[in-house]
$ cat coords25.cif   # mmCIF, C-alpha atoms and all ligand atoms
data_coords
#
loop_
_atom_site.label_atom_id
_atom_site.label_comp_id
_atom_site.auth_asym_id
_atom_site.auth_seq_id
_atom_site.Cartn_x
_atom_site.Cartn_y
_atom_site.Cartn_z
CA MET A 1 -31.96 5.62 -14.49
CA LEU A 2 -30.71 8.72 -12.73
CA PRO A 3 -30.16 8.46 -8.96
CA GLU A 4 -32.51 11.13 -7.58
CA LYS A 5 -32.22 10.39 -3.88
CA LYS A 6 -30.91 13.20 -1.72
CA TYR A 7 -28.11 12.26 0.71
CA ASP A 8 -26.95 13.93 3.89
CA LEU A 9 -23.41 13.67 2.54
CA ILE A 10 -21.77 12.86 -0.78
CA VAL A 11 -18.11 11.91 -0.54
CA ILE A 12 -16.02 12.15 -3.70
CA GLY A 13 -13.03 9.79 -3.72
CA GLY A 14 -12.78 6.38 -2.04
CA GLY A 15 -9.20 6.55 -0.71
CA VAL A 16 -8.47 6.43 2.99
CA LEU A 17 -9.71 10.00 3.60
CA GLY A 18 -12.94 9.54 1.62
CA ALA A 19 -13.78 6.03 2.81
CA PHE A 20 -13.21 6.82 6.49
CA SER A 21 -15.13 10.10 6.20
CA ALA A 22 -18.05 8.05 4.87
CA PHE A 23 -17.56 5.59 7.73
CA HIS A 24 -17.77 8.29 10.42
CA ALA A 25 -20.77 10.01 8.83
CA LEU A 26 -22.62 6.67 8.66
CA LEU A 27 -21.87 6.11 12.35
CA LEU A 28 -23.58 9.45 13.02
CA GLY A 29 -26.67 8.06 11.29
CA LYS A 30 -26.24 10.10 8.10
CA SER A 31 -27.15 8.82 4.64
CA VAL A 32 -23.97 8.74 2.56
CA ALA A 33 -23.05 8.23 -1.09
CA LEU A 34 -19.41 7.52 -1.98
CA LEU A 35 -18.38 8.24 -5.58
CA GLU A 36 -15.15 6.65 -6.80
CA ARG A 37 -13.84 7.13 -10.31
CA ASN A 38 -12.43 3.59 -10.50
CA LYS A 39 -14.07 0.28 -9.67
CA ARG A 40 -11.93 0.24 -6.53
CA PRO A 41 -9.66 3.01 -5.23
CA ARG A 42 -6.30 2.65 -6.95
CA GLN A 43 -4.23 5.69 -6.03
CA ALA A 44 -2.07 6.46 -2.98
CA THR A 45 -4.24 4.44 -0.61
CA VAL A 46 -3.49 1.12 -2.33
CA ARG A 47 0.09 1.88 -3.36
CA ASN A 48 1.56 2.48 0.06
CA PHE A 49 3.42 0.35 2.60
CA GLY A 50 0.47 -0.07 4.93
CA GLN A 51 2.54 1.16 7.85
CA ILE A 52 0.35 2.61 10.59
CA VAL A 53 2.94 4.47 12.61
CA PRO A 54 1.83 7.28 14.97
CA SER A 55 5.46 7.30 16.19
CA GLY A 56 6.38 9.09 12.94
CA LEU A 57 3.88 11.93 13.46
CA SER A 58 4.57 15.26 15.11
CA THR A 59 3.37 15.38 18.72
CA ASP A 60 0.42 17.56 17.61
CA TRP A 61 -0.74 14.87 15.22
CA ARG A 62 -0.19 11.81 17.37
CA LYS A 63 -3.73 12.09 18.72
CA TYR A 64 -5.04 11.43 15.21
CA GLY A 65 -2.70 8.46 14.84
CA LEU A 66 -3.85 7.05 18.18
CA LYS A 67 -7.49 7.50 17.20
CA SER A 68 -6.72 5.65 13.95
CA LEU A 69 -5.23 2.72 15.90
CA GLU A 70 -8.49 2.52 17.87
CA ILE A 71 -10.64 2.67 14.71
CA TYR A 72 -8.55 0.07 12.83
CA ARG A 73 -8.62 -2.20 15.90
CA GLU A 74 -12.42 -2.01 16.15
CA LEU A 75 -12.83 -2.73 12.46
CA GLN A 76 -10.44 -5.66 12.55
CA ALA A 77 -12.48 -7.19 15.40
CA ILE A 78 -15.49 -7.20 13.06
CA ARG A 79 -13.76 -8.22 9.84
CA ASP A 80 -10.19 -9.39 9.13
CA PHE A 81 -8.81 -6.75 6.79
CA SER A 82 -5.16 -7.79 7.38
CA LEU A 83 -4.35 -5.62 10.41
CA ARG A 84 -1.33 -6.96 12.32
CA GLN A 85 0.03 -5.59 15.60
CA ASN A 86 3.72 -6.35 15.11
CA GLY A 87 4.99 -2.92 16.09
CA THR A 88 7.41 -0.50 14.50
CA ALA A 89 11.19 -0.25 14.84
CA TYR A 90 13.47 2.64 13.93
CA VAL A 91 16.98 1.30 13.48
CA ALA A 92 19.92 3.63 14.16
CA SER A 93 23.14 3.11 12.24
CA ASP A 94 25.41 5.71 13.87
CA GLU A 95 25.88 7.71 17.08
CA ASP A 96 23.79 10.66 15.88
CA GLU A 97 20.82 8.48 15.06
CA VAL A 98 21.21 6.69 18.42
CA LEU A 99 21.08 10.10 20.12
CA LEU A 100 17.81 10.93 18.35
CA LEU A 101 16.32 7.59 19.38
CA HIS A 102 17.13 8.26 23.03
CA GLU A 103 15.64 11.75 22.83
CA MET A 104 12.53 10.42 21.13
CA ASN A 105 12.18 7.76 23.82
CA ASP A 106 12.19 10.61 26.39
CA ILE A 107 9.49 12.47 24.43
CA ASP A 108 7.43 9.25 24.28
CA ARG A 109 7.73 8.82 28.02
CA GLN A 110 6.53 12.38 28.60
CA MET A 111 3.58 11.76 26.30
CA GLY A 112 2.80 8.38 27.84
CA TYR A 113 3.33 6.62 24.50
CA SER A 114 4.86 3.17 24.71
CA SER A 115 8.35 2.73 23.20
CA GLN A 116 11.37 0.61 24.14
CA LEU A 117 15.04 1.07 23.36
CA LEU A 118 16.64 -2.15 22.11
CA ASP A 119 20.39 -2.60 22.12
CA GLN A 120 22.05 -4.15 19.10
CA ARG A 121 21.77 -7.70 20.37
CA ALA A 122 18.08 -7.39 21.30
CA ALA A 123 17.19 -5.65 18.01
CA CYS A 124 18.97 -8.22 15.85
CA ALA A 125 17.41 -11.07 17.83
CA ARG A 126 13.92 -9.61 17.35
CA PHE A 127 14.24 -8.77 13.66
CA ASP A 128 15.34 -11.78 11.69
CA GLY A 129 18.08 -10.81 9.22
CA LEU A 130 18.85 -7.34 10.62
CA LYS A 131 22.59 -6.84 10.16
CA THR A 132 24.85 -6.15 13.14
CA SER A 133 27.07 -4.15 10.77
CA TYR A 134 24.18 -1.68 10.32
CA CYS A 135 22.25 -1.70 13.56
CA ARG A 136 23.61 0.16 16.57
CA GLU A 137 20.34 0.38 18.48
CA ALA A 138 16.62 0.45 17.76
CA LEU A 139 13.55 2.17 19.15
CA PHE A 140 10.59 -0.19 19.18
CA TYR A 141 6.89 0.74 19.35
CA PRO A 142 5.06 -2.47 20.27
CA GLU A 143 1.54 -1.11 19.87
CA GLU A 144 1.71 -0.03 16.24
CA TYR A 145 0.14 -1.77 13.26
CA SER A 146 0.60 -2.64 9.66
CA CYS A 147 -1.90 -3.83 7.09
CA ASP A 148 -2.15 -4.76 3.45
CA PRO A 149 -3.49 -1.49 2.03
CA ARG A 150 -4.80 -3.14 -1.14
CA GLN A 151 -6.95 -5.42 0.97
CA MET A 152 -7.85 -2.91 3.67
CA ILE A 153 -9.68 -0.26 1.67
CA GLY A 154 -11.78 -2.78 -0.28
CA CYS A 155 -12.78 -4.51 2.96
CA VAL A 156 -13.79 -1.24 4.58
CA ILE A 157 -15.93 -0.19 1.62
CA ASP A 158 -17.57 -3.65 1.37
CA TYR A 159 -18.29 -3.62 5.08
CA LEU A 160 -19.91 -0.18 4.89
CA VAL A 161 -22.05 -1.22 1.93
CA GLU A 162 -23.16 -4.47 3.56
CA GLN A 163 -23.56 -3.34 7.16
CA ALA A 164 -24.06 0.42 7.20
CA ASP A 165 -26.07 1.11 4.04
CA LEU A 166 -23.32 3.05 2.29
CA GLN A 167 -24.35 3.81 -1.29
CA TYR A 168 -21.15 3.12 -3.22
CA PHE A 169 -20.93 4.28 -6.83
CA PRO A 170 -17.81 2.80 -8.49
CA ASN A 171 -16.61 3.89 -11.93
CA THR A 172 -18.27 7.23 -11.24
CA VAL A 173 -16.32 10.40 -11.87
CA ALA A 174 -17.66 13.53 -10.19
CA GLN A 175 -17.27 16.04 -12.99
CA ASP A 176 -19.10 19.07 -11.75
CA ILE A 177 -20.78 20.46 -8.64
CA GLU A 178 -23.56 23.04 -8.69
CA MET A 179 -25.83 24.66 -6.13
CA ASP A 180 -29.46 24.04 -6.97
CA ARG A 181 -32.95 23.93 -5.43
CA GLY A 182 -32.14 26.74 -3.08
CA ARG A 183 -29.14 25.56 -1.12
CA THR A 184 -28.90 21.91 -2.13
CA CYS A 185 -25.81 20.69 -3.97
CA LYS A 186 -25.87 18.75 -7.16
CA VAL A 187 -23.01 16.51 -8.27
CA ILE A 188 -22.93 15.62 -11.96
CA SER A 189 -21.07 12.49 -12.99
CA ASN A 190 -19.29 11.50 -16.19
CA ARG A 191 -22.44 9.57 -17.19
CA LYS A 192 -24.54 12.67 -16.50
CA GLU A 193 -26.07 11.10 -13.40
CA ILE A 194 -27.16 13.63 -10.82
CA PHE A 195 -26.64 13.19 -7.08
CA TRP A 196 -28.23 15.56 -4.56
CA SER A 197 -26.93 16.38 -1.13
CA ASP A 198 -26.81 18.96 1.62
CA GLN A 199 -23.08 18.56 2.06
CA ILE A 200 -20.30 17.49 -0.29
CA LEU A 201 -16.86 16.33 0.78
CA ILE A 202 -14.13 16.18 -1.85
CA CYS A 203 -11.26 13.79 -1.08
CA ASN A 204 -9.81 13.48 -4.56
CA GLY A 205 -6.15 12.99 -3.65
CA ALA A 206 -3.70 14.20 -6.28
CA GLU A 207 -6.37 14.38 -9.01
CA TYR A 208 -6.94 18.11 -8.89
CA GLN A 209 -7.87 18.67 -12.50
CA LEU A 210 -11.63 18.15 -12.43
CA LEU A 211 -13.09 19.89 -9.42
CA PHE A 212 -12.15 23.46 -8.49
CA PRO A 213 -8.73 23.28 -10.19
CA GLU A 214 -8.25 27.02 -9.60
CA LEU A 215 -8.34 26.45 -5.85
CA TYR A 216 -5.39 24.08 -6.01
CA GLU A 217 -3.49 26.58 -8.10
CA ASP A 218 -3.94 29.13 -5.34
CA GLU A 219 -2.87 26.82 -2.53
CA ALA A 220 0.79 26.05 -1.80
CA LEU A 221 0.49 22.38 -2.72
CA GLU A 222 2.92 19.86 -4.07
CA CYS A 223 2.88 16.25 -5.19
CA SER A 224 5.42 13.60 -4.33
CA LYS A 225 6.02 10.58 -6.53
CA LEU A 226 7.44 7.54 -4.73
CA GLN A 227 9.15 4.45 -6.17
CA MET A 228 8.38 1.14 -4.47
CA MET A 229 9.63 -2.45 -4.84
CA MET A 230 8.32 -5.80 -3.64
CA THR A 231 10.41 -8.96 -3.41
CA LYS A 232 9.28 -12.48 -4.11
CA PRO A 233 8.16 -14.33 -0.95
CA GLN A 234 10.96 -15.04 1.52
CA LYS A 235 11.23 -18.75 2.24
CA ASN A 236 12.24 -18.56 5.89
CA ARG A 237 12.78 -14.94 6.81
CA LYS A 238 10.08 -13.40 9.00
CA ILE A 239 10.44 -9.64 9.54
CA LEU A 240 7.69 -8.81 11.96
CA GLY A 241 6.63 -5.17 12.06
CA ASN A 242 7.39 -1.95 10.24
CA ILE A 243 11.13 -1.37 9.92
CA LEU A 244 12.43 2.15 9.37
CA SER A 245 16.09 2.91 8.91
CA GLY A 246 18.48 5.63 10.04
CA LEU A 247 17.51 7.66 6.97
CA SER A 248 13.88 7.62 8.17
CA ILE A 249 14.99 8.82 11.61
CA ARG A 250 16.59 11.77 9.86
CA ARG A 251 13.46 12.46 7.84
CA TYR A 252 10.34 11.78 9.90
CA GLU A 253 8.36 14.63 11.44
CA SER A 254 8.46 13.25 14.95
CA PHE A 255 12.26 13.27 15.17
CA ARG A 256 12.39 16.93 14.14
CA GLU A 257 11.14 17.69 17.65
CA CYS A 258 14.20 16.08 19.27
CA PRO A 259 16.50 18.68 20.90
CA SER A 260 19.54 17.52 18.88
CA TYR A 261 17.79 17.20 15.52
CA THR A 262 19.13 20.42 13.97
CA ASN A 263 22.70 19.74 15.11
CA VAL A 264 22.58 16.16 13.95
CA GLN A 265 21.32 17.18 10.52
CA SER A 266 23.89 19.94 10.14
CA ARG A 267 26.69 17.38 10.64
CA TYR A 268 25.21 14.96 8.13
CA VAL A 269 26.80 14.59 4.71
CA GLN A 270 24.05 13.19 2.51
CA HIS A 271 24.73 11.04 -0.50
CA GLU A 272 23.60 13.06 -3.52
CA LEU A 273 21.01 10.46 -4.51
CA VAL A 274 19.57 10.50 -1.00
CA ARG A 275 19.29 14.27 -1.23
CA ASP A 276 18.07 14.57 -4.82
CA TRP A 277 15.57 11.72 -4.63
CA GLY A 278 14.51 11.99 -0.99
CA ILE A 279 15.45 8.38 -0.36
CA HIS A 280 14.95 6.66 2.95
CA ILE A 281 14.74 2.92 3.41
CA LEU A 282 11.75 1.14 4.92
CA PHE A 283 10.72 -2.50 4.97
CA LYS A 284 7.41 -4.22 5.53
CA GLN A 285 6.73 -7.91 5.06
CA ALA A 286 3.34 -9.08 3.85
CA ASP A 287 1.63 -12.16 5.27
CA ASN A 288 2.74 -14.23 2.26
CA GLY A 289 6.41 -13.42 2.92
CA GLN A 290 6.93 -10.73 0.26
CA VAL A 291 8.89 -7.72 1.47
CA ILE A 292 8.03 -4.18 0.37
CA ILE A 293 11.10 -1.94 0.11
CA GLY A 294 11.04 1.80 -0.54
CA ASP A 295 11.06 4.65 -1.02
CA SER A 296 12.13 7.73 -2.95
CA HIS A 297 10.44 11.13 -3.23
CA HIS A 298 10.33 13.22 -6.39
CA TYR A 299 8.51 16.53 -5.86
CA ALA A 300 6.65 18.92 -8.14
CA ASP A 301 4.24 21.77 -7.47
CA ALA A 302 0.64 20.65 -7.81
CA VAL A 303 0.15 22.76 -10.92
CA ASP A 304 3.21 21.11 -12.52
CA LYS A 305 2.26 17.58 -11.46
CA ASP A 306 2.76 16.21 -14.96
CA GLU A 307 6.49 16.93 -14.63
CA LEU A 308 6.72 13.93 -12.33
CA GLY A 309 6.28 11.81 -15.43
CA PHE A 310 5.39 8.15 -15.57
CA ASP A 311 8.86 6.59 -15.67
CA ILE A 312 10.39 4.42 -12.98
CA LEU A 313 14.07 5.31 -12.69
CA GLN A 314 16.28 2.25 -12.48
CA GLU A 315 19.14 4.23 -10.93
CA VAL A 316 16.92 5.12 -7.97
CA ASN A 317 15.72 1.54 -7.47
CA ASP A 318 19.30 0.22 -7.74
CA PHE A 319 20.45 2.67 -5.10
CA MET A 320 17.59 1.81 -2.74
CA MET A 321 18.35 -1.89 -3.21
CA LEU A 322 22.03 -1.31 -2.43
CA ARG A 323 21.13 0.53 0.78
CA ALA A 324 18.53 -2.08 1.73
CA LYS A 325 21.15 -4.82 1.44
CA GLU A 326 23.33 -2.95 3.94
CA ILE A 327 20.51 -3.21 6.47
CA PHE A 328 19.02 -6.71 6.11
CA ASN A 329 19.91 -10.19 4.94
CA LEU A 330 16.98 -11.57 2.98
CA ASP A 331 16.55 -15.06 1.53
CA THR A 332 15.84 -13.51 -1.84
CA TRP A 333 16.18 -10.01 -3.26
CA ASP A 334 14.47 -11.05 -6.51
CA LEU A 335 11.73 -8.59 -7.25
CA ASP A 336 8.18 -9.58 -7.92
CA ARG A 337 7.00 -6.09 -8.87
CA ILE A 338 7.80 -2.40 -8.81
CA TRP A 339 5.42 0.56 -8.89
CA THR A 340 5.04 4.25 -8.17
CA GLY A 341 2.52 6.17 -6.09
CA VAL A 342 1.77 9.86 -5.80
CA TYR A 343 0.48 11.73 -2.81
CA SER A 344 -0.29 15.41 -2.41
CA GLN A 345 0.83 17.57 0.48
CA CYS A 346 0.72 21.17 1.63
CA LYS A 347 3.87 23.22 1.86
CA GLY A 348 4.09 24.35 5.46
CA ARG A 349 0.80 22.82 6.71
CA ASP A 350 -0.35 19.33 7.64
CA VAL A 351 -3.51 19.07 5.59
CA LEU A 352 -5.70 21.11 3.24
CA THR A 353 -9.23 21.84 4.47
CA ARG A 354 -11.40 24.42 2.69
CA THR A 355 -15.13 25.06 2.71
CA ILE A 356 -16.98 26.70 -0.16
CA GLU A 357 -20.34 28.36 0.57
CA ASN A 358 -20.72 26.34 3.75
CA LYS A 359 -21.66 23.26 1.70
CA ILE A 360 -18.69 21.99 -0.25
CA HIS A 361 -15.77 20.79 1.82
CA ILE A 362 -12.32 19.92 0.58
CA LEU A 363 -10.10 17.53 2.52
CA ASN A 364 -6.82 16.77 0.85
CA ALA A 365 -3.03 16.83 0.89
CA ILE A 366 -2.43 14.88 4.08
CA GLY A 367 0.97 13.90 2.68
CA GLY A 368 2.81 10.71 3.56
CA LYS A 369 0.81 10.01 6.71
CA GLY A 370 -2.70 9.30 5.43
CA MET A 371 -2.81 5.61 6.35
CA THR A 372 -1.68 6.47 9.86
CA ALA A 373 -3.58 9.66 10.59
CA GLY A 374 -6.45 9.48 8.06
CA PRO A 375 -9.05 7.40 9.95
CA GLY A 376 -8.49 9.43 13.13
CA TYR A 377 -8.34 12.84 11.46
CA THR A 378 -11.56 12.20 9.52
CA PHE A 379 -13.32 11.24 12.78
CA TYR A 380 -12.81 14.77 14.15
CA HIS A 381 -13.36 16.42 10.78
CA ILE A 382 -16.73 14.73 10.14
CA ASN A 383 -17.95 15.27 13.67
CA LYS A 384 -17.14 18.96 13.33
CA LEU A 385 -18.81 19.14 9.92
CA PHE A 386 -22.06 17.81 11.43
CA GLY A 387 -21.78 20.02 14.51
CA ASN A 388 -20.90 17.18 16.85
CA ASP A 389 -17.54 18.33 18.20
C1 LIG B 1 4.11 4.90 -2.18
C2 LIG B 1 3.44 5.47 -0.97
C3 LIG B 1 3.74 4.95 0.30
C4 LIG B 1 3.07 5.45 1.42
N1 LIG B 1 3.23 4.82 2.63
C5 LIG B 1 2.47 5.19 3.68
C6 LIG B 1 2.50 4.45 4.89
O1 LIG B 1 3.14 3.40 5.00
N2 LIG B 1 1.80 4.94 5.97
C7 LIG B 1 1.04 6.08 5.86
O2 LIG B 1 0.46 6.49 6.87
N3 LIG B 1 0.90 6.73 4.70
C8 LIG B 1 1.58 6.32 3.60
N4 LIG B 1 1.46 6.98 2.41
C9 LIG B 1 0.53 8.12 2.32
C10 LIG B 1 -0.92 7.66 2.11
O3 LIG B 1 -0.99 6.61 1.18
C11 LIG B 1 -1.75 8.86 1.64
O4 LIG B 1 -1.62 9.91 2.58
C12 LIG B 1 -3.23 8.53 1.53
O5 LIG B 1 -3.44 7.33 0.85
C13 LIG B 1 -3.99 9.66 0.84
O6 LIG B 1 -5.34 9.26 0.79
P1 LIG B 1 -6.42 10.11 0.00
O7 LIG B 1 -7.74 9.50 0.28
O8 LIG B 1 -6.23 11.56 0.28
O9 LIG B 1 -6.00 9.97 -1.54
P2 LIG B 1 -6.08 8.77 -2.60
O10 LIG B 1 -5.73 7.47 -2.01
O11 LIG B 1 -5.28 9.24 -3.78
O12 LIG B 1 -7.60 8.70 -2.97
C14 LIG B 1 -8.25 9.65 -3.79
C15 LIG B 1 -9.37 8.92 -4.52
O13 LIG B 1 -10.22 9.86 -5.16
C16 LIG B 1 -10.62 9.32 -6.40
N5 LIG B 1 -11.04 10.47 -7.24
C17 LIG B 1 -10.27 11.51 -7.61
N6 LIG B 1 -11.00 12.39 -8.32
C18 LIG B 1 -12.25 11.89 -8.38
C19 LIG B 1 -13.48 12.33 -8.99
N7 LIG B 1 -13.55 13.51 -9.64
N8 LIG B 1 -14.59 11.55 -8.88
C20 LIG B 1 -14.54 10.38 -8.21
N9 LIG B 1 -13.41 9.90 -7.62
C21 LIG B 1 -12.28 10.66 -7.70
C22 LIG B 1 -9.38 8.59 -6.90
O14 LIG B 1 -9.72 7.60 -7.87
C23 LIG B 1 -8.84 7.98 -5.60
O15 LIG B 1 -9.32 6.68 -5.36
C24 LIG B 1 2.14 6.52 1.29
C25 LIG B 1 1.86 7.05 0.02
C26 LIG B 1 2.49 6.52 -1.09
C27 LIG B 1 2.15 7.10 -2.46
#
$ encode --input "coords25.cif" --output "structure tokens"
Amino acid sequence: MLPEKKYDLIVIGGGVLGAFSAFHALLLGKSVALLERNKRPRQATVRNFGQIVPSGLSTDWRKYGLKSLEIYRELQAIRDFSLRQNGTAYVASDEDEVLLLHEMNDIDRQMGYSSQLLDQRAACARFDGLKTSYCREALFYPEEYSCDPRQMIGCVIDYLVEQADLQYFPNTVAQDIEMDRGRTCKVISNRKEIFWSDQILICNGAEYQLLFPELYEDEALECSKLQMMMTKPQKNRKILGNILSGLSIRRYESFRECPSYTNVQSRYVQHELVRDWGIHILFKQADNGQVIIGDSHHYADAVDKDELGFDILQEVNDFMMLRAKEIFNLDTWDLDRIWTGVYSQCKGRDVLTRTIENKIHILNAIGGKGMTAGPGYTFYHINKLFGND
């Protein structure tokens, strides 16, 4: 039977942007349908580290990260979706990276955001296995979170269905959108079901092909394909928190605001694989002891997304593993699994928002920060959409 109910909002795509947009609209008392092409979301939102790190965001965007921390915290109090407050550490391996950590610590102080400098001894004592040969100092953010992304998004959707009357339509591909009945929108699915709504929000991640593909051709958008690895469970080693290396310090948006950033980068001689494959090394341990290690970045314009291919390059994984071993001692480096993930991002902007005929809204291309900024950003975006800002 065709669903004929009219919703206040239809959200297309159940990743972090779509699911949390649905969440905020439901909190405003709106009726919401969430259409997801798979049974469960299975793109960027479940392929990431699960690092929730406002410290990596530009100062403009930290407010969204902080709002996300609040939202995640409130959700975790209702239902355990694997949120852990073990903090984040950026580990410096040379004098230049140490300088950036000190400058960032000053910026944090000015912003009133909690961070602590740890000397080598304190950092290695806190992070089991961190090598003294790598670590010079660390900058620690005690209030930041991590989660298991595969668990998190399913929990959030289940919670919204059970407790907030979200109408979730899995295995439902939104294939077309039309204006009908005056100014009401009509979404047509792959099974020719029809969904009616006053407002449509498209959060389709890197899957641009189906809905308004011409719009994505016009925008300066690109996709990044990341390679990820996960070890077998560590027997004894407990690495609490998100660990980001010197290469991350050199790459993350927040550090670009440090006074010495440009000088530091101009002195830096990058290994060609670091440069060509955008490699920086991060670690996050899951509750069962497995350690996620990544990542690399292979870019293509959105219109040429297929050029990213489907291969996992062994050379890139070998290099990341080599670098990871310089940073930590683990009980085992045996891998349990490897995978890739793709996210979309704007060139020269933080996120893509577009509105078509005042009814169809596009929210996309939040880049590598969606887990951190997504829940907070969608709070403001949805409130604005419903005139509540
Ligand atoms: C490997 C990797 C590591 C990362 N690590 C981190 C991290 O540690 N911290 C962090 O903050 N960020 C991280 N990110 C970034 C973060 O994962 C993304 O910014 C975020 O998940 C993007 O969410 P999204 O909802 O826009 O897209 P997606 O998660 O891609 O969701 C889009 C959804 O839309 C659905 N869809 C598409 N088209 C249709 C259609 N026509 N009809 C119905 N459904 C449709 C798809 O099936 C999909 O579920 C990482 C990303 C990757 C790839």
$ closest_atom_pairs --input "coords25.cif" --of "range 21-42 of chain A" --to "range 195-202 of chain A" --cutoff "10 Å" --atoms "only C-alpha atoms" --output "JSON lines"
{"residue": "A:Ser21", "atom": "CA", "partner": "A:Leu201", "partner_atom": "CA", "distance": 8.4}
{"residue": "A:Ala22", "atom": "CA", "partner": "A:Leu201", "partner_atom": "CA", "distance": 9.3}
{"residue": "A:Ser31", "atom": "CA", "partner": "A:Ser197", "partner_atom": "CA", "distance": 9.5}
{"residue": "A:Val32", "atom": "CA", "partner": "A:Ser197", "partner_atom": "CA", "distance": 9.0}
{"residue": "A:Ala33", "atom": "CA", "partner": "A:Phe195", "partner_atom": "CA", "distance": 8.6}
{"residue": "A:Leu34", "atom": "CA", "partner": "A:Leu201", "partner_atom": "CA", "distance": 9.6}
{"residue": "A:Leu35", "atom": "CA", "partner": "A:Phe195", "partner_atom": "CA", "distance": 9.7}
$ residues_around --input "coords25.cif" --residues "Lys30 in chain A" --least-positions-apart "5" --cutoff "9 Å" --atoms "all atoms listed in the file" --output "count of residues only"
5
$ closest_residue --input "coords25.cif" --among "A:Gly374, A:Met229, A:His271, A:Ser254" --to "Ala324 in chain A" --atoms "all atoms listed in the file"
A:Met229
$ closest_atom_pairs --input "coords25.cif" --of "chain A" --to "ligand LIG 1 (chain B)" --cutoff "6 Å" --atoms "all atoms listed in the file" --output "tab-separated table"
residue	atom	partner	partner_atom	distance
A:Ile12	CA	B:LIG1	C20	5.1
A:Gly13	CA	B:LIG1	O13	3.2
A:Gly14	CA	B:LIG1	O15	4.8
A:Gly15	CA	B:LIG1	O7	3.4
A:Val16	CA	B:LIG1	O7	4.2
A:Leu17	CA	B:LIG1	O7	3.9
A:Gly18	CA	B:LIG1	O7	5.4
A:Leu35	CA	B:LIG1	C20	5.1
A:Glu36	CA	B:LIG1	N9	3.8
A:Arg37	CA	B:LIG1	N9	3.9
A:Asn38	CA	B:LIG1	O14	5.5
A:Pro41	CA	B:LIG1	O15	3.7
A:Arg42	CA	B:LIG1	O15	5.3
A:Gln43	CA	B:LIG1	O11	4.3
A:Ala44	CA	B:LIG1	O10	3.9
A:Thr45	CA	B:LIG1	O5	3.3
A:Arg47	CA	B:LIG1	C1	5.2
A:Asn48	CA	B:LIG1	C3	3.3
A:Phe49	CA	B:LIG1	O1	3.9
A:Gly50	CA	B:LIG1	O1	4.4
A:Gln51	CA	B:LIG1	O1	3.7
A:Ile52	CA	B:LIG1	N2	5.4
A:Thr172	CA	B:LIG1	C20	5.7
A:Val173	CA	B:LIG1	N8	3.6
A:Ala174	CA	B:LIG1	N8	3.9
A:Gln175	CA	B:LIG1	N7	5.6
A:Cys203	CA	B:LIG1	O8	5.7
A:Asn204	CA	B:LIG1	C17	3.7
A:Gly205	CA	B:LIG1	O9	3.7
A:Ala206	CA	B:LIG1	O11	5.8
A:Glu207	CA	B:LIG1	C17	5.0
A:Leu210	CA	B:LIG1	N7	5.7
A:Leu226	CA	B:LIG1	C1	5.0
A:Gly341	CA	B:LIG1	C27	3.8
A:Val342	CA	B:LIG1	C27	4.3
A:Tyr343	CA	B:LIG1	C27	4.9
A:Asn364	CA	B:LIG1	O8	5.3
A:Ile366	CA	B:LIG1	O4	5.3
A:Gly367	CA	B:LIG1	O4	4.8
A:Gly368	CA	B:LIG1	C9	3.7
A:Lys369	CA	B:LIG1	O2	3.5
A:Gly370	CA	B:LIG1	O4	3.1
A:Met371	CA	B:LIG1	O2	3.4
A:Thr372	CA	B:LIG1	O2	3.7
$ write_last_selection --input "coords25.cif" --atoms "C-alpha atoms" --output "CSV table (one decimal), in the coordinates of the input"
chain,number,residue,atom,x,y,z
A,12,ILE,CA,-16.0,12.2,-3.7
A,13,GLY,CA,-13.0,9.8,-3.7
A,14,GLY,CA,-12.8,6.4,-2.0
A,15,GLY,CA,-9.2,6.6,-0.7
A,16,VAL,CA,-8.5,6.4,3.0
A,17,LEU,CA,-9.7,10.0,3.6
A,18,GLY,CA,-12.9,9.5,1.6
A,35,LEU,CA,-18.4,8.2,-5.6
A,36,GLU,CA,-15.2,6.6,-6.8
A,37,ARG,CA,-13.8,7.1,-10.3
A,38,ASN,CA,-12.4,3.6,-10.5
A,41,PRO,CA,-9.7,3.0,-5.2
A,42,ARG,CA,-6.3,2.6,-7.0
A,43,GLN,CA,-4.2,5.7,-6.0
A,44,ALA,CA,-2.1,6.5,-3.0
A,45,THR,CA,-4.2,4.4,-0.6
A,47,ARG,CA,0.1,1.9,-3.4
A,48,ASN,CA,1.6,2.5,0.1
A,49,PHE,CA,3.4,0.4,2.6
A,50,GLY,CA,0.5,-0.1,4.9
A,51,GLN,CA,2.5,1.2,7.8
A,52,ILE,CA,0.4,2.6,10.6
A,172,THR,CA,-18.3,7.2,-11.2
A,173,VAL,CA,-16.3,10.4,-11.9
A,174,ALA,CA,-17.7,13.5,-10.2
A,175,GLN,CA,-17.3,16.0,-13.0
A,203,CYS,CA,-11.3,13.8,-1.1
A,204,ASN,CA,-9.8,13.5,-4.6
A,205,GLY,CA,-6.2,13.0,-3.6
A,206,ALA,CA,-3.7,14.2,-6.3
A,207,GLU,CA,-6.4,14.4,-9.0
A,210,LEU,CA,-11.6,18.2,-12.4
A,226,LEU,CA,7.4,7.5,-4.7
A,341,GLY,CA,2.5,6.2,-6.1
A,342,VAL,CA,1.8,9.9,-5.8
A,343,TYR,CA,0.5,11.7,-2.8
A,364,ASN,CA,-6.8,16.8,0.8
A,366,ILE,CA,-2.4,14.9,4.1
A,367,GLY,CA,1.0,13.9,2.7
A,368,GLY,CA,2.8,10.7,3.6
A,369,LYS,CA,0.8,10.0,6.7
A,370,GLY,CA,-2.7,9.3,5.4
A,371,MET,CA,-2.8,5.6,6.4
A,372,THR,CA,-1.7,6.5,9.9
